[in-house]
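Raw contents of final.pdb, PDB, C-alpha atoms:
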```pdb
ATOM      1  CA  MET A   1      97.300  77.651 166.146
ATOM      2  CA  LEU A   2      93.929  77.275 164.433
ATOM      3  CA  MET A   3      93.897  78.391 160.792
ATOM      4  CA  THR A   4      90.633  79.595 159.310
ATOM      5  CA  LYS A   5      89.965  79.547 155.609
ATOM      6  CA  THR A   6      88.278  82.586 154.097
ATOM      7  CA  LEU A   7      86.923  83.137 150.621
ATOM      8  CA  ALA A   8      88.470  85.931 148.576
ATOM      9  CA  VAL A   9      85.195  86.225 146.617
ATOM     10  CA  SER A  10      81.743  85.521 148.019
ATOM     11  CA  ALA A  11      79.767  82.499 146.869
ATOM     12  CA  ILE A  12      76.759  82.724 144.545
ATOM     13  CA  LYS A  13      73.575  80.717 144.989
ATOM     14  CA  ASN A  14      72.830  80.024 141.310
ATOM     15  CA  GLY A  15      74.665  80.968 138.151
ATOM     16  CA  VAL A  16      78.031  80.416 136.522
ATOM     17  CA  VAL A  17      81.641  81.047 137.465
ATOM     18  CA  ILE A  18      84.225  81.644 134.752
ATOM     19  CA  ASP A  19      87.498  80.537 136.332
ATOM     20  CA  HIS A  20      91.135  80.437 135.191
ATOM     21  CA  ILE A  21      90.911  83.676 133.222
ATOM     22  CA  PRO A  22      94.428  84.993 132.541
ATOM     23  CA  ALA A  23      95.276  87.783 134.979
ATOM     24  CA  GLY A  24      94.061  91.165 133.784
ATOM     25  CA  GLN A  25      91.568  89.893 131.189
ATOM     26  CA  ALA A  26      88.359  89.764 133.255
ATOM     27  CA  LEU A  27      87.375  93.361 132.482
ATOM     28  CA  TYR A  28      87.856  92.762 128.767
ATOM     29  CA  LEU A  29      85.680  89.652 129.026
ATOM     30  CA  VAL A  30      82.946  91.582 130.863
ATOM     31  CA  ARG A  31      82.917  94.248 128.122
ATOM     32  CA  LEU A  32      82.988  91.680 125.310
ATOM     33  CA  LEU A  33      80.036  89.750 126.748
ATOM     34  CA  LYS A  34      78.209  92.966 127.759
ATOM     35  CA  LEU A  35      77.755  91.601 131.269
ATOM     36  CA  SER A  36      77.459  95.037 132.869
ATOM     37  CA  ASP A  37      74.168  95.534 130.967
ATOM     38  CA  ARG A  38      72.432  92.897 133.103
ATOM     39  CA  ASN A  39      70.371  93.609 136.206
ATOM     40  CA  LYS A  40      71.977  90.766 138.157
ATOM     41  CA  GLN A  41      75.129  90.594 140.229
ATOM     42  CA  VAL A  42      78.457  90.267 138.401
ATOM     43  CA  THR A  43      81.456  89.709 140.660
ATOM     44  CA  LEU A  44      84.991  90.235 139.371
ATOM     45  CA  ALA A  45      88.130  89.035 141.067
ATOM     46  CA  ILE A  46      91.325  90.278 139.488
ATOM     47  CA  ASN A  47      94.855  89.026 140.152
ATOM     48  CA  LEU A  48      93.978  86.250 142.581
ATOM     49  CA  LYS A  49      96.852  83.961 143.500
ATOM     50  CA  SER A  50      96.754  80.706 141.591
ATOM     51  CA  GLY A  51      98.890  77.707 142.427
ATOM     52  CA  SER A  52      99.453  76.692 138.818
ATOM     53  CA  LYS A  53      99.360  80.003 136.931
ATOM     54  CA  GLY A  54     100.726  82.526 139.397
ATOM     55  CA  TYR A  55      97.721  84.856 139.109
ATOM     56  CA  LYS A  56      94.280  84.591 137.567
ATOM     57  CA  ASP A  57      90.953  86.392 137.284
ATOM     58  CA  ILE A  58      87.466  85.066 138.041
ATOM     59  CA  VAL A  59      84.011  86.276 136.934
ATOM     60  CA  LYS A  60      80.907  85.158 138.843
ATOM     61  CA  LEU A  61      77.494  85.636 137.239
ATOM     62  CA  GLU A  62      74.474  85.357 139.532
ATOM     63  CA  GLU A  63      71.312  83.877 137.964
ATOM     64  CA  TYR A  64      72.877  83.470 134.522
ATOM     65  CA  ARG A  65      73.537  80.756 131.944
ATOM     66  CA  LEU A  66      76.039  81.286 129.161
ATOM     67  CA  THR A  67      74.961  80.896 125.552
ATOM     68  CA  ALA A  68      76.966  78.816 123.066
ATOM     69  CA  ASP A  69      78.104  82.049 121.386
ATOM     70  CA  GLU A  70      79.317  83.464 124.710
ATOM     71  CA  CYS A  71      81.188  80.216 125.476
ATOM     72  CA  ALA A  72      82.898  80.425 122.074
ATOM     73  CA  LYS A  73      83.997  84.005 122.735
ATOM     74  CA  ILE A  74      85.341  83.040 126.159
ATOM     75  CA  ALA A  75      87.299  80.164 124.582
ATOM     76  CA  VAL A  76      88.993  82.489 122.092
ATOM     77  CA  ILE A  77      89.939  85.037 124.772
ATOM     78  CA  CYS A  78      90.708  82.504 127.539
ATOM     79  CA  PRO A  79      91.362  79.079 125.966
ATOM     80  CA  ASN A  80      92.138  77.511 129.359
ATOM     81  CA  ALA A  81      89.089  78.871 131.178
ATOM     82  CA  THR A  82      86.828  76.641 133.220
ATOM     83  CA  LEU A  83      83.050  77.107 133.446
ATOM     84  CA  ASN A  84      81.430  76.105 136.734
ATOM     85  CA  THR A  85      77.645  75.848 136.927
ATOM     86  CA  ILE A  86      76.404  76.680 140.418
ATOM     87  CA  GLU A  87      73.060  75.507 141.831
ATOM     88  CA  ASN A  88      72.115  76.139 145.461
ATOM     89  CA  TYR A  89      75.727  77.152 146.282
ATOM     90  CA  GLU A  90      77.128  73.867 144.910
ATOM     91  CA  VAL A  91      79.123  73.228 141.726
ATOM     92  CA  THR A  92      76.888  70.947 139.664
ATOM     93  CA  ASP A  93      78.911  70.983 136.442
ATOM     94  CA  LYS A  94      82.492  71.862 135.641
ATOM     95  CA  SER A  95      83.770  72.017 132.083
ATOM     96  CA  LYS A  96      86.606  73.444 130.056
ATOM     97  CA  VAL A  97      85.755  75.846 127.268
ATOM     98  CA  VAL A  98      85.913  74.412 123.753
ATOM     99  CA  LEU A  99      87.529  76.362 120.950
ATOM    100  CA  PRO A 100      85.199  76.944 118.019
ATOM    101  CA  ASP A 101      86.389  76.334 114.466
ATOM    102  CA  ARG A 102      85.442  79.900 113.569
ATOM    103  CA  ILE A 103      84.501  83.125 115.370
ATOM    104  CA  ASP A 104      82.736  86.152 113.898
ATOM    105  CA  ASP A 105      82.385  89.737 115.039
ATOM    106  CA  ILE A 106      84.529  89.475 118.157
ATOM    107  CA  PHE A 107      87.260  92.010 117.290
ATOM    108  CA  PRO A 108      88.586  93.674 114.136
ATOM    109  CA  CYS A 109      91.261  92.119 111.955
ATOM    110  CA  PRO A 110      94.702  93.432 113.011
ATOM    111  CA  ASN A 111      95.658  93.821 109.323
ATOM    112  CA  ASP A 112      94.899  97.474 108.545
ATOM    113  CA  LYS A 113      94.594  96.616 104.843
ATOM    114  CA  CYS A 114      91.994  93.877 105.376
ATOM    115  CA  ILE A 115      88.712  94.527 103.564
ATOM    116  CA  SER A 116      86.799  93.841 106.797
ATOM    117  CA  ASN A 117      88.253  97.082 108.198
ATOM    118  CA  HIS A 118      87.067  99.161 105.243
ATOM    119  CA  GLU A 119      83.703  97.691 104.278
ATOM    120  CA  PRO A 120      80.506  97.222 106.298
ATOM    121  CA  MET A 121      81.229  93.624 107.320
ATOM    122  CA  SER A 122      82.240  91.840 110.480
ATOM    123  CA  ALA A 123      85.673  90.314 110.871
ATOM    124  CA  SER A 124      85.717  86.541 110.806
ATOM    125  CA  PHE A 125      88.523  84.255 111.953
ATOM    126  CA  LEU A 126      89.284  80.570 111.575
ATOM    127  CA  ILE A 127      90.706  79.193 114.817
ATOM    128  CA  GLN A 128      93.760  76.939 114.831
ATOM    129  CA  GLU A 129      95.484  75.422 117.858
ATOM    130  CA  TYR A 130      99.155  76.318 117.722
ATOM    131  CA  ARG A 131     101.776  75.062 120.172
ATOM    132  CA  GLN A 132     100.540  76.162 123.606
ATOM    133  CA  GLY A 133      98.100  78.773 122.267
ATOM    134  CA  ILE A 134      95.888  79.559 119.314
ATOM    135  CA  ARG A 135      96.287  81.226 115.943
ATOM    136  CA  LEU A 136      93.563  83.178 114.213
ATOM    137  CA  ARG A 137      93.385  83.224 110.411
ATOM    138  CA  CYS A 138      91.316  86.045 108.937
ATOM    139  CA  HIS A 139      88.643  84.748 106.592
ATOM    140  CA  TYR A 140      89.069  87.759 104.278
ATOM    141  CA  CYS A 141      92.784  88.595 104.070
ATOM    142  CA  ASN A 142      93.991  85.091 105.020
ATOM    143  CA  LYS A 143      96.652  86.502 107.360
ATOM    144  CA  CYS A 144      97.425  84.588 110.529
ATOM    145  CA  PHE A 145      97.712  86.213 113.964
ATOM    146  CA  SER A 146      98.570  85.054 117.434
ATOM    147  CA  GLN A 147      95.873  85.516 120.032
ATOM    148  CA  GLU A 148      97.891  88.335 121.636
ATOM    149  CA  ASP A 149      98.277  90.176 118.307
ATOM    150  CA  ALA A 150      94.597  89.871 117.473
ATOM    151  CA  LEU A 151      93.150  91.033 120.781
ATOM    152  CA  PRO A 152      92.619  94.783 120.982
ATOM    153  CA  LEU A 153      94.215  96.617 123.878
ATOM    154  CA  ARG A 154      92.427  95.660 127.048
TER     155      ARG A 154
END
```
Here is a file; write its structure as structure tokens.
Amino acid sequence: MLMTKTLAVSAIKNGVVIDHIPAGQALYLVRLLKLSDRNKQVTLAINLKSGSKGYKDIVKLEEYRLTADECAKIAVICPNATLNTIENYEVTDKSKVVLPDRIDDIFPCPNDKCISNHEPMSASFLIQEYRQGIRLRCHYCNKCFSQEDALPLR
């Protein structure tokens, strides 16, 4: 019996693919990066089977290059994500995201009493690797949060 391989998501000619997004987080990532505001194709694949992680999401961005700020935001939301640069349907560069030391204005501080939630200022977090994940320490209230506790409901 001849087996044929099919793609679950169509290829892009030029752009970037954000791979290994934890299942269910692609929509949050699209909103955070304001990708729906572009006039180019954005392809989402949600809950794809993954050999190592069970399930994952993928975001494909046609004719797009990520900024350093966008890469930092992706790293905080999806610390194990992979960025694939695509040129003429071929992967020309593959890299893991790199956690920044600090991230500003990505989401509010989970501490209701934090000054950043009551004054006209953006929340700011210091990023610390912690066991298998990350911890976020608020610059203003100095409280520490797990990634899951800090992320708003998706």
A:Cys78 proximity check over A:Lys13, A:Lys56, A:Lys40, A:Arg65, using only C-alpha atoms: winner is A:Lys56
Evaluate the PyMOL selection byres ((chain A and resi 132-134) around 12) and report residues as a list of chain:residue names:
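Here the PyMOL selection byres ((chain A and resi 132-134) around 12) matches A:Ala75, A:Val76, A:Ile77, A:Cys78, A:Pro79, A:Asn80, A:Leu99, A:Pro100, A:Asp101, A:Arg102, A:Phe125, A:Leu126, A:Ile127, A:Gln128, A:Glu129, A:Tyr130, A:Arg131, A:Arg135, A:Leu136, A:Arg137, A:Cys144, A:Phe145, A:Ser146, A:Gln147, A:Glu148, A:Asp149, A:Ala150, A:Leu151.
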Atom-to-atom span, atom CA of A:Glu70 and atom CA of A:Leu29, Å
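We find that atom CA of A:Glu70 and atom CA of A:Leu29 lie 9.9 Å from each other.
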Just give me the gap between atom CA of A:Ala123 and atom CA of A:Cys109 in Å, one decimal is fine.
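Taking atom CA of A:Ala123 and atom CA of A:Cys109, their separation equals 6.0 Å.
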From A:Val16, A:Met121, A:Cys138, A:Leu33, residue lying nearest A:Val91 [only C-alpha atoms]
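Nearest to A:Val91: A:Val16.
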Up to 7 Å from (90.8, 82.2, 136.4) in the file's coordinates: name the residues, counting all atoms listed in the file, as JSON, numbers by chain.
{"A": [18, 19, 20, 21, 22, 56, 57, 58, 81]}
For atom CA of A:Val30 and atom CA of A:Ala45, the interatomic separation in Å (one decimal)
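It comes out at 11.7 Å.
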Residues within 10 Å of A:Asn39, please, as a short mmCIF file (atom, residue, chain, number, x, y, z; two decimals) with C-alpha atoms, keeping the file's coordinate frame. Count only C-alpha atoms; anything in the same chain fewer than 3 positions from it doesn't count.
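What landed in selection-v7.cif:
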```cif
data_model
loop_
_atom_site.label_atom_id
_atom_site.label_comp_id
_atom_site.auth_asym_id
_atom_site.auth_seq_id
_atom_site.Cartn_x
_atom_site.Cartn_y
_atom_site.Cartn_z
CA LEU A 35 77.76 91.60 131.27
CA SER A 36 77.46 95.04 132.87
CA VAL A 42 78.46 90.27 138.40
CA GLU A 62 74.47 85.36 139.53
CA GLU A 63 71.31 83.88 137.96
#
```
The residue from A:Tyr89, A:Phe107, A:Tyr64, A:Tyr55 with the smallest atom-to-atom distance to A:Tyr28, counting all atoms listed in the file, is A:Phe107
Hits from the PyMOL selection byres ((chain A and resi 141) around 8), listed as a ChimeraX atom specification
/A:111,114-115,138-140,142-143
For A:Lys96, which residue out of A:Leu32, A:Val17, A:Ala11, A:Leu61 is the nearest one, using only C-alpha atoms?
A:Val17
